[in-house]
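Peer 1: The following block contains the structure, expressed as structure tokens.
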Amino acid sequence: MSNEKNQNKKPRVSAYWIYAIIIMGFFSINFLGSGFGQQPAAQVTPSQFFDYLKNGEVARVVIVNNREAKVYLTPEALETETHKKTKPRNLLPTLSPSPNYKFEFGDLALFQEKITKTIEENNLADTKLTFETEHNVWGDLLMTLLPFALIIGVWIFIMRRMASGGGGGAGGQLFNIGKSKARLFDEKTDIKTSFKDVAGLEGAKEEVQEIVDFLKNPDKYTSLGGKIPKGALLVGPPGTGKTLLAKAVAGEAKVPFFSLSGSDFVEMFVGVGASRVRDLFKQAKEKSPAIIFIDEIDAIGRARGKNNFSGSNDERENTLNQLLTEMDGFGTNTNVIVLAATNRADVLDKALMRAGRFDRQIFVDLPDIRERKEIFEVHLRPIKKADDLDVDFLARQTPGFSGADIANVCNEAALIAARQNKKSVNRQDFLDAVDRIVGGLEKKNKIITPAEKRAVAFHEAGHATISWMLEHAAPLVKVTIVPRGRSLGAAWYLPEERLIVRTEQMLDEMCAALGGRAAEQVIFGKISTGALSDLEKVTKQARAMVTIYGLSDKVGNLTFYDSTGQSEYGFTKPYSEQTAQVIDDEISKIIEEQYDRAVDILEKNKDKLTELAEVLLDKEVIFKDNLEKIFGKRPFDKEDEPAEEKNTTPDPSLASENGLDATDSKTDASDTNTDQKEEVKDDLLS
């Protein structure tokens with residue numbers, strides 16, 4: 001064992017040392033060949049040279065490469081004081097003596113003629129004139145070999161990089177283009193999330209907890225002949241906690257966790273997506289048991305054959321084919337479970353959704369009131385909240401909010417409290433945060449003419465009056481004519497959380513939505529463009545009643561809605577032109593009937609409508625208490641309704657100063673409870 005350690009401690013011979021020795025050898029030979037070690041010759045001017053030549057002090061003149069002259073003096077001249085300093089003193093032994101002087105000249109013919117004439121005139125027969133051509137052999141050789149050496153060096157560098165497969169930066173990305181981009185989380189250090197951090201989602205947590213148990217105790221299930229599921233698909237609206245749930249699975253299972261997005265497989269090069277899928281599953285098999293999490297899988301999992309109009313090869317389809325093969329092909333992926341998340345399950349390929357690939361589809365729905373309370377408790381942990389803060393009240397005020405929305409509410413409330421230099425976050429801050437998120441930023445400095453402000457007041461009073469008079473309309477919380485976001489005024493409602501919606505409920509909500517335009521007609525005798533969002537809402541609801549839910553007697557019990565999403569790219573409608581005309585007539589009939597109904601109600605209560613609008617013009621923000629003073633108790637309110645829910649704001653005068661204090665979370669009846677949290681009803685668009 002000690003011998004092995006000693007052998008490991010021996011210094012390794014690096015290739016860079018060999019390269020350095022070769023380069024130093026080239027330079028040494030080059031210096032030696034060019035007179036390295038010799039004393040350099042002194043510089044002299046041509047006129048001085050000819051003086052020395054006339055005096056007979058020059059023994060030999062060598063013209064090198066037709067441009068430079070090297071001068072060798074006679075032994076007698078070297079002993080004189082003038083030339084004693086030029087006597088050669090070589091550092092190393094050389095084969096040829098060093099010149100005493102050297103200089104460069106201009107035209108060779110003139111220079112040669114002048115030297116010859118001077119020699120003849122002064123009878124200098126012993127002075128010799130010779131010509132030489134010098135070559136830097138090693139330098140020329142080095143310049144010849146250098147391009148080849150560079151090419152070979154770059155080639156070796158590239159081969160080594162490709163063989164190692166490592167390296168970041170642009171070079172690493174170039175040679176790892178087919179490698180998986182999945183990020184590997186270490187189960188011991190990187191994953192800190194557990195199921196305790198996931199509030200609500202009880203049904204989804206039960207499903208994924210069983211997957212965790214598969215990875216921890218596989219023998220418990222395989223001993224009975226069962227097989228571990230290949231994958232689980234998390235489906236649900238945005239912000240409901242699908243990614244958080246996958247992190248909790250990784251944290252609880254204590255196994256390697258590969259995380260990436262569906263778009264990470266997509267690249268401009270052909271075949272890259274399929275190569276990355278192969279590399280991903282190869283890494284997962286090497287570290288099994290492991291989890292692969294693909295977020296937004298619809299980026300590569302869309303149904304095949306829909307966009308391939310040109311007939312060309314589709315890179316996305318190749319990637320999907322490879323994913324299908326890896327999940328359930330001839331090769332087995334032992335103890336590798338694939339988790340995926342999407343909010344577009346309707347567009348996924350059927351082959352991807354079948355049993356054997358994604359064996360389980362876990363629906364992650366919007367939280368109910370009990371789950372919202374749990375989510376609030378999780379996000380309130382780091383916040384310095386007031387002691388009297390009622391979490392149940394906050395949960396009731398946020399129907400239709402997702403987990404991400406609730407996290408945003410808590411953060412906005414903390415920012416609002418900090419902006420006002422408070423020491424803790426109280427209930428009013430949370431209500432202001434809900435208003436800020438749902439309705440937008442308050443704009444008290446927006447310029448509105450008195451006539452426009454009066455029109456906005458009657459418009460909003462119309463909404464409030466109709467919703468108060470109708471049984472199935474959502475209970476009113478607050479009405480404001482303070483501009484906020486894109487709206488000049490808004491009415492806040494607190495809808496009932498229901499799973500099914502009946503015809504009379506949808507009609508009452510449509511009538512309440514048209515109350516603003518009806519109020520303009522009743523009071524001013526003319527209408528404006530301010531009811532844009534109201535008209536958009538009721539048109540969608542009426543179309544849904546006729547074409548989706550089969551609530552029209554004339555069209556009948558038919559639906560033209562395709563839940564599979566297969567008709568998304570269709571070129572034809574699923575009904576004839578005659579049926580389309582009937583649908584249009586029914587939609588128009590439903591809307592006009594509810595508009596006439598709203599006008600009739602407001603005509604009968606015109607004095608109360610005017611009184612309410614005047615109060616709204618005076619205070620700018622009114623609440624449920626103000627409507628009770630004018631209309632009396634609402635007969636449709638439940639007797640057992642909690643007091644806090646009946647009056648959701650503190651002193652109305654204080655609320656009028658501080659702006660909006662409650663929330664609008666009205667139900668869009670065209671989609672049961674999935675769209676309960678919408679934008680504030682921006683009734684009058686600027």
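Here, A, B, ... name the chains of the structure tokens in the order displayed, residue numbers run from 1 inside each chain, and ligands are numbered from 1 in the same displayed order.
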Find the residues around region 417-430 of chain A up to 7 Å (only C-alpha atoms counted), leave out those fewer than 3 positions away in its own chain, and share them as a list in words.
Peer 2: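 The residues that qualify are Lys384, Lys385, Ala386, Leu389, Val409, Cys410, Ala413, Ala414, Ala433, Val434 and Asp661 of chain A.
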Peer 1: Counting only C-alpha atoms, which residue out of A:Val378, A:Leu245, A:Val338, A:Met469 sits closest to Arg634 (chain A)?
Peer 2: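 Using only C-alpha atoms, the shortest distance to Arg634 (chain A) belongs to A:Met469.
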Peer 1: Taking 6 positions as the minimum chain separation for residues in the same chain, which residues sit within 9 Å of Thr539 (chain A) when counting only C-alpha atoms? Answer as a PyMOL selection string.
Peer 2: chain A and resi 510+587-588+591
Peer 1: Using DSSP on the backbone coordinates, identify the residues of region 412-574 of chain A assigned to strand (DSSP E or B); present them as a ChimeraX atom specification.
Peer 2: /A:425,442,476-480,484,487,490-493
Peer 1: Would you mind exporting N, CA, C and O atoms of the selected residues as an mmCIF file, in the first residue's frame?
Peer 2:
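File out-v7.cif, as written:
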data_model
loop_
_atom_site.group_PDB
_atom_site.id
_atom_site.type_symbol
_atom_site.label_atom_id
_atom_site.label_comp_id
_atom_site.auth_asym_id
_atom_site.auth_seq_id
_atom_site.Cartn_x
_atom_site.Cartn_y
_atom_site.Cartn_z
ATOM 1 N N VAL A 425 -46.916 44.285 9.646
ATOM 2 C CA VAL A 425 -47.852 44.271 8.522
ATOM 3 C C VAL A 425 -49.230 43.903 9.061
ATOM 4 O O VAL A 425 -49.398 42.828 9.651
ATOM 5 N N GLU A 442 -53.003 52.585 -8.089
ATOM 6 C CA GLU A 442 -53.961 53.674 -7.950
ATOM 7 C C GLU A 442 -53.406 54.949 -8.581
ATOM 8 O O GLU A 442 -52.239 55.285 -8.410
ATOM 9 N N LEU A 476 -71.563 42.362 -3.158
ATOM 10 C CA LEU A 476 -70.712 43.529 -3.359
ATOM 11 C C LEU A 476 -69.850 43.787 -2.125
ATOM 12 O O LEU A 476 -70.292 43.611 -0.996
ATOM 13 N N VAL A 477 -68.630 44.175 -2.351
ATOM 14 C CA VAL A 477 -67.718 44.533 -1.270
ATOM 15 C C VAL A 477 -67.464 46.040 -1.264
ATOM 16 O O VAL A 477 -67.541 46.695 -0.230
ATOM 17 N N LYS A 478 -67.211 46.603 -2.443
ATOM 18 C CA LYS A 478 -66.783 47.996 -2.500
ATOM 19 C C LYS A 478 -66.945 48.518 -3.917
ATOM 20 O O LYS A 478 -66.838 47.768 -4.891
ATOM 21 N N VAL A 479 -67.205 49.801 -4.025
ATOM 22 C CA VAL A 479 -67.278 50.478 -5.321
ATOM 23 C C VAL A 479 -66.393 51.715 -5.234
ATOM 24 O O VAL A 479 -66.390 52.413 -4.216
ATOM 25 N N THR A 480 -65.655 51.999 -6.291
ATOM 26 C CA THR A 480 -64.750 53.149 -6.292
ATOM 27 C C THR A 480 -64.784 53.824 -7.647
ATOM 28 O O THR A 480 -65.031 53.183 -8.675
ATOM 29 N N ARG A 484 -57.643 53.317 -11.316
ATOM 30 C CA ARG A 484 -56.675 52.301 -10.881
ATOM 31 C C ARG A 484 -56.358 51.425 -12.082
ATOM 32 O O ARG A 484 -57.261 50.846 -12.688
ATOM 33 N N SER A 487 -58.473 51.223 -15.548
ATOM 34 C CA SER A 487 -59.883 51.535 -15.340
ATOM 35 C C SER A 487 -60.056 52.902 -14.695
ATOM 36 O O SER A 487 -59.220 53.355 -13.912
ATOM 37 N N ALA A 490 -64.226 50.975 -10.610
ATOM 38 C CA ALA A 490 -64.315 49.520 -10.478
ATOM 39 C C ALA A 490 -65.269 49.162 -9.360
ATOM 40 O O ALA A 490 -65.501 49.946 -8.437
ATOM 41 N N ALA A 491 -65.849 47.979 -9.479
ATOM 42 C CA ALA A 491 -66.704 47.428 -8.429
ATOM 43 C C ALA A 491 -66.104 46.103 -7.987
ATOM 44 O O ALA A 491 -65.756 45.263 -8.817
ATOM 45 N N TRP A 492 -65.970 45.936 -6.672
ATOM 46 C CA TRP A 492 -65.356 44.740 -6.113
ATOM 47 C C TRP A 492 -66.451 43.794 -5.609
ATOM 48 O O TRP A 492 -67.391 44.224 -4.926
ATOM 49 N N TYR A 493 -66.298 42.511 -5.930
ATOM 50 C CA TYR A 493 -67.260 41.511 -5.477
ATOM 51 C C TYR A 493 -66.511 40.378 -4.791
ATOM 52 O O TYR A 493 -65.315 40.171 -5.023
#
Peer 1: Between A:Val546, A:Ala457, A:Val336, A:Ile211, which one has atoms that come closest to Val249 (chain A), using only C-alpha atoms?
Peer 2: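 Of A:Val546, A:Ala457, A:Val336, A:Ile211, the one nearest Val249 (chain A), counting only C-alpha atoms, is A:Ile211.
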Peer 1: Could you find all residues in region 370-550 of chain A that DSSP calls helix (DSSP H, G or I) from the backbone, and write them as a PyMOL selection string?
Peer 2: chain A and resi 370-379+391-396+403-419+427-439+450-469+503-513+515-524+529-547
Peer 1: Write a file of the just-selected residues containing C-alpha atoms, as an mmCIF file, in the first residue's frame.
Peer 2:
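Final output, out.cif:
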data_model
loop_
_atom_site.group_PDB
_atom_site.id
_atom_site.type_symbol
_atom_site.label_atom_id
_atom_site.label_comp_id
_atom_site.auth_asym_id
_atom_site.auth_seq_id
_atom_site.Cartn_x
_atom_site.Cartn_y
_atom_site.Cartn_z
ATOM 1 C CA ARG A 370 -58.773 25.792 3.687
ATOM 2 C CA GLU A 371 -55.734 25.300 1.477
ATOM 3 C CA ARG A 372 -55.360 29.051 0.971
ATOM 4 C CA LYS A 373 -55.149 29.444 4.733
ATOM 5 C CA GLU A 374 -52.310 26.901 4.854
ATOM 6 C CA ILE A 375 -50.499 28.665 2.002
ATOM 7 C CA PHE A 376 -50.846 32.015 3.782
ATOM 8 C CA GLU A 377 -49.364 30.487 6.938
ATOM 9 C CA VAL A 378 -46.320 29.284 4.971
ATOM 10 C CA HIS A 379 -45.667 32.642 3.286
ATOM 11 C CA VAL A 391 -55.476 34.415 8.423
ATOM 12 C CA ASP A 392 -58.997 33.014 7.915
ATOM 13 C CA PHE A 393 -60.142 36.454 6.792
ATOM 14 C CA LEU A 394 -57.287 36.681 4.260
ATOM 15 C CA ALA A 395 -58.179 33.245 2.890
ATOM 16 C CA ARG A 396 -61.820 34.306 2.416
ATOM 17 C CA GLY A 403 -50.154 29.763 -4.466
ATOM 18 C CA ALA A 404 -47.978 32.143 -6.492
ATOM 19 C CA ASP A 405 -50.651 34.843 -6.209
ATOM 20 C CA ILE A 406 -50.781 34.435 -2.426
ATOM 21 C CA ALA A 407 -46.998 34.670 -2.190
ATOM 22 C CA ASN A 408 -47.190 37.877 -4.218
ATOM 23 C CA VAL A 409 -49.911 39.258 -1.911
ATOM 24 C CA CYS A 410 -47.727 38.657 1.156
ATOM 25 C CA ASN A 411 -44.728 40.299 -0.469
ATOM 26 C CA GLU A 412 -46.727 43.318 -1.671
ATOM 27 C CA ALA A 413 -48.264 43.755 1.800
ATOM 28 C CA ALA A 414 -44.793 43.838 3.365
ATOM 29 C CA LEU A 415 -43.645 46.415 0.797
ATOM 30 C CA ILE A 416 -46.708 48.588 1.411
ATOM 31 C CA ALA A 417 -46.151 48.477 5.202
ATOM 32 C CA ALA A 418 -42.458 49.342 4.760
ATOM 33 C CA ARG A 419 -43.390 52.238 2.464
ATOM 34 C CA ARG A 427 -54.802 43.539 7.771
ATOM 35 C CA GLN A 428 -55.226 46.782 5.885
ATOM 36 C CA ASP A 429 -51.851 46.292 4.196
ATOM 37 C CA PHE A 430 -52.970 42.910 2.905
ATOM 38 C CA LEU A 431 -56.219 44.330 1.569
ATOM 39 C CA ASP A 432 -54.293 47.110 -0.160
ATOM 40 C CA ALA A 433 -51.954 44.490 -1.612
ATOM 41 C CA VAL A 434 -54.877 42.510 -3.033
ATOM 42 C CA ASP A 435 -56.225 45.688 -4.613
ATOM 43 C CA ARG A 436 -52.797 46.497 -6.040
ATOM 44 C CA ILE A 437 -52.381 43.050 -7.587
ATOM 45 C CA VAL A 438 -55.899 42.603 -8.910
ATOM 46 C CA GLY A 439 -56.722 46.163 -9.927
ATOM 47 C CA PRO A 450 -66.417 66.649 -13.894
ATOM 48 C CA ALA A 451 -68.750 65.276 -16.585
ATOM 49 C CA GLU A 452 -66.630 62.144 -16.988
ATOM 50 C CA LYS A 453 -66.426 61.673 -13.234
ATOM 51 C CA ARG A 454 -70.207 61.919 -12.953
ATOM 52 C CA ALA A 455 -70.610 59.349 -15.754
ATOM 53 C CA VAL A 456 -68.199 56.995 -13.997
ATOM 54 C CA ALA A 457 -70.081 57.401 -10.704
ATOM 55 C CA PHE A 458 -73.469 56.490 -12.237
ATOM 56 C CA HIS A 459 -71.851 53.633 -14.178
ATOM 57 C CA GLU A 460 -70.418 52.074 -11.018
ATOM 58 C CA ALA A 461 -73.609 52.806 -9.062
ATOM 59 C CA GLY A 462 -75.510 50.888 -11.748
ATOM 60 C CA HIS A 463 -73.343 47.824 -11.177
ATOM 61 C CA ALA A 464 -73.798 48.075 -7.421
ATOM 62 C CA THR A 465 -77.579 48.513 -7.650
ATOM 63 C CA ILE A 466 -78.170 45.556 -9.982
ATOM 64 C CA SER A 467 -75.901 43.212 -7.986
ATOM 65 C CA TRP A 468 -77.733 44.227 -4.804
ATOM 66 C CA MET A 469 -81.161 43.512 -6.326
ATOM 67 C CA THR A 503 -78.429 29.155 -15.865
ATOM 68 C CA GLU A 504 -80.056 31.688 -13.547
ATOM 69 C CA GLN A 505 -76.708 32.348 -11.864
ATOM 70 C CA MET A 506 -75.040 33.129 -15.181
ATOM 71 C CA LEU A 507 -77.920 35.345 -16.284
ATOM 72 C CA ASP A 508 -77.873 37.334 -13.017
ATOM 73 C CA GLU A 509 -74.115 37.913 -13.357
ATOM 74 C CA MET A 510 -74.561 39.059 -16.957
ATOM 75 C CA CYS A 511 -77.310 41.434 -15.910
ATOM 76 C CA ALA A 512 -75.120 42.889 -13.149
ATOM 77 C CA ALA A 513 -72.243 43.325 -15.617
ATOM 78 C CA GLY A 515 -75.788 47.470 -15.119
ATOM 79 C CA GLY A 516 -73.183 50.134 -15.826
ATOM 80 C CA ARG A 517 -74.248 50.742 -19.416
ATOM 81 C CA ALA A 518 -77.920 50.479 -18.414
ATOM 82 C CA ALA A 519 -77.378 53.205 -15.775
ATOM 83 C CA GLU A 520 -75.890 55.517 -18.402
ATOM 84 C CA GLN A 521 -78.942 54.942 -20.593
ATOM 85 C CA VAL A 522 -81.413 55.546 -17.752
ATOM 86 C CA ILE A 523 -79.759 58.703 -16.357
ATOM 87 C CA PHE A 524 -78.202 60.396 -19.387
ATOM 88 C CA THR A 529 -67.499 53.388 -24.802
ATOM 89 C CA GLY A 530 -66.789 52.862 -21.107
ATOM 90 C CA ALA A 531 -68.475 49.441 -20.916
ATOM 91 C CA LEU A 532 -65.884 47.665 -23.072
ATOM 92 C CA SER A 533 -64.749 45.136 -20.495
ATOM 93 C CA ASP A 534 -68.375 44.514 -19.426
ATOM 94 C CA LEU A 535 -69.413 43.746 -22.985
ATOM 95 C CA GLU A 536 -66.389 41.507 -23.462
ATOM 96 C CA LYS A 537 -67.268 39.538 -20.351
ATOM 97 C CA VAL A 538 -70.973 39.051 -21.102
ATOM 98 C CA THR A 539 -70.258 38.125 -24.736
ATOM 99 C CA LYS A 540 -67.881 35.379 -23.591
ATOM 100 C CA GLN A 541 -70.435 34.146 -21.056
ATOM 101 C CA ALA A 542 -73.283 34.119 -23.572
ATOM 102 C CA ARG A 543 -71.166 32.318 -26.163
ATOM 103 C CA ALA A 544 -70.157 29.752 -23.551
ATOM 104 C CA MET A 545 -73.800 29.188 -22.605
ATOM 105 C CA VAL A 546 -74.763 28.485 -26.205
ATOM 106 C CA THR A 547 -71.726 26.690 -27.663
#
Peer 1: Residues near Lys54 (chain A), anyone? I mean within 10 Å using only C-alpha atoms, not counting same-chain ones fewer than 5 positions away, as number ranges by chain.
Peer 2: A: 48-49, 115, 118-119, 121-124
Peer 1: Between CA of Leu324 (chain A) and CA of Leu352 (chain A), what is the spacing in Å?
Peer 2: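 Computed distance, CA of Leu352 (chain A) to CA of Leu324 (chain A), equals 6.5 Å.
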Peer 1: Please provide the set of residues having any atom within 12 Å of Lys350 (chain A), restricted to only C-alpha atoms, with same-chain residues fewer than 3 positions apart removed, written as a ChimeraX atom specification.
Peer 2: /A:301-304,320,324,345-347,353-355,357-358,564-566
Peer 1: Might you pull out every residue within 8 Å of Gly262 (chain A), with only C-alpha atoms counted and same-chain residues fewer than 6 positions away left off, and present them as a list of chain:residue names?
Peer 2: A:Ile294, A:Asp295, A:Glu296, A:Ile297, A:Asp298, A:Ala299, A:Ile300
Peer 1: Take the selection from the previous step and output its residues with all heavy atoms, as a compact mmCIF listing (two decimals), in the first residue's frame.
Peer 2:
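Output saved as selection29.txt:
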# COMPACT_ATOMS: atom_id res chain seq x y z
N ILE A 294 -39.05 17.30 -15.94
CA ILE A 294 -39.12 18.10 -17.16
C ILE A 294 -40.25 19.11 -16.99
O ILE A 294 -41.43 18.74 -17.01
CB ILE A 294 -39.35 17.23 -18.41
CG1 ILE A 294 -38.29 16.13 -18.49
CG2 ILE A 294 -39.33 18.09 -19.67
CD1 ILE A 294 -38.52 15.16 -19.63
N ASP A 295 -39.88 20.37 -16.80
CA ASP A 295 -40.89 21.41 -16.63
C ASP A 295 -41.35 21.89 -18.01
O ASP A 295 -40.56 21.94 -18.96
CB ASP A 295 -40.30 22.57 -15.84
CG ASP A 295 -41.37 23.41 -15.17
OD1 ASP A 295 -42.55 23.06 -15.30
OD2 ASP A 295 -41.01 24.41 -14.52
N GLU A 296 -42.61 22.25 -18.11
CA GLU A 296 -43.22 22.71 -19.37
C GLU A 296 -42.94 21.72 -20.50
O GLU A 296 -42.36 22.05 -21.54
CB GLU A 296 -42.69 24.11 -19.75
CG GLU A 296 -42.85 25.17 -18.67
CD GLU A 296 -44.31 25.46 -18.34
OE1 GLU A 296 -45.19 25.08 -19.13
OE2 GLU A 296 -44.55 26.05 -17.27
N ILE A 297 -43.38 20.50 -20.29
CA ILE A 297 -43.10 19.43 -21.26
C ILE A 297 -43.84 19.64 -22.56
O ILE A 297 -43.50 19.02 -23.58
CB ILE A 297 -43.43 18.05 -20.65
CG1 ILE A 297 -42.81 16.93 -21.48
CG2 ILE A 297 -44.93 17.89 -20.48
CD1 ILE A 297 -42.95 15.57 -20.88
N ASP A 298 -44.85 20.50 -22.59
CA ASP A 298 -45.58 20.73 -23.83
C ASP A 298 -44.70 21.38 -24.90
O ASP A 298 -45.09 21.41 -26.08
CB ASP A 298 -46.80 21.61 -23.57
CG ASP A 298 -46.47 22.88 -22.82
OD1 ASP A 298 -46.38 22.83 -21.59
OD2 ASP A 298 -46.28 23.91 -23.48
N ALA A 299 -43.51 21.90 -24.53
CA ALA A 299 -42.59 22.47 -25.53
C ALA A 299 -42.12 21.41 -26.52
O ALA A 299 -41.84 21.72 -27.68
CB ALA A 299 -41.39 23.12 -24.84
N ILE A 300 -42.02 20.16 -26.07
CA ILE A 300 -41.60 19.08 -26.97
C ILE A 300 -42.64 17.98 -27.08
O ILE A 300 -42.53 17.09 -27.92
CB ILE A 300 -40.26 18.44 -26.51
CG1 ILE A 300 -40.41 17.86 -25.09
CG2 ILE A 300 -39.14 19.43 -26.58
CD1 ILE A 300 -39.25 16.99 -24.68
Peer 1: Which distance in Å separates CA of Pro289 (chain A) and CA of Ala232 (chain A), to one decimal?
Peer 2: 15.6 Å
Peer 1: From the set A:Glu79, A:Asp359, A:Asp279, A:Glu620, which residue has the shortest atom-to-atom contact distance to Leu488 (chain A), counting only C-alpha atoms?
Peer 2: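 So, comparing all the options, the nearest one is A:Glu620.
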Peer 1: When you count only C-alpha atoms, which of these residues is closest to Ala125 (chain A): A:Gly56, A:Gly106, A:Pro97, A:Pro367?
Peer 2: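 Of the candidates, the smallest distance to Ala125 (chain A) is held by A:Gly56.
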Peer 1: Report the distance between CA of Leu551 (chain A) and CA of Glu577 (chain A) in Å, rounded to one decimal place.
Peer 2: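 Those two atoms sit 20.1 Å apart.
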Peer 1: Name the residues in contact with Gly556 (chain A) at a cut-off of 12 Å, using only C-alpha atoms, excluding same-chain residues fewer than 6 positions from it; report them as a compact mmCIF listing (two decimals) with N, CA and C atoms, in the first residue's frame.
Peer 2:
# COMPACT_ATOMS: atom_id res chain seq x y z
N MET A 545 -72.50 29.80 -22.87
CA MET A 545 -73.80 29.19 -22.61
C MET A 545 -74.34 28.45 -23.82
N VAL A 546 -74.17 29.05 -25.00
CA VAL A 546 -74.76 28.48 -26.20
C VAL A 546 -73.91 27.38 -26.81
N THR A 547 -72.59 27.60 -26.90
CA THR A 547 -71.73 26.69 -27.66
C THR A 547 -71.00 25.66 -26.82
N ILE A 548 -70.89 25.89 -25.52
CA ILE A 548 -70.11 24.97 -24.69
C ILE A 548 -70.99 24.19 -23.72
N TYR A 549 -71.83 24.90 -22.96
CA TYR A 549 -72.57 24.24 -21.89
C TYR A 549 -73.96 23.77 -22.30
N GLY A 550 -74.40 24.04 -23.51
CA GLY A 550 -75.71 23.57 -23.96
C GLY A 550 -76.86 24.15 -23.17
N THR A 579 -76.41 26.75 -38.48
CA THR A 579 -76.23 26.67 -37.02
C THR A 579 -75.46 27.88 -36.51
N VAL A 582 -77.86 30.63 -36.08
CA VAL A 582 -78.68 30.41 -34.89
C VAL A 582 -77.90 30.76 -33.63
N ILE A 583 -76.61 30.36 -33.58
CA ILE A 583 -75.77 30.66 -32.42
C ILE A 583 -75.63 32.17 -32.23
N GLU A 586 -78.87 33.61 -30.88
CA GLU A 586 -79.09 33.26 -29.48
C GLU A 586 -78.20 34.08 -28.55
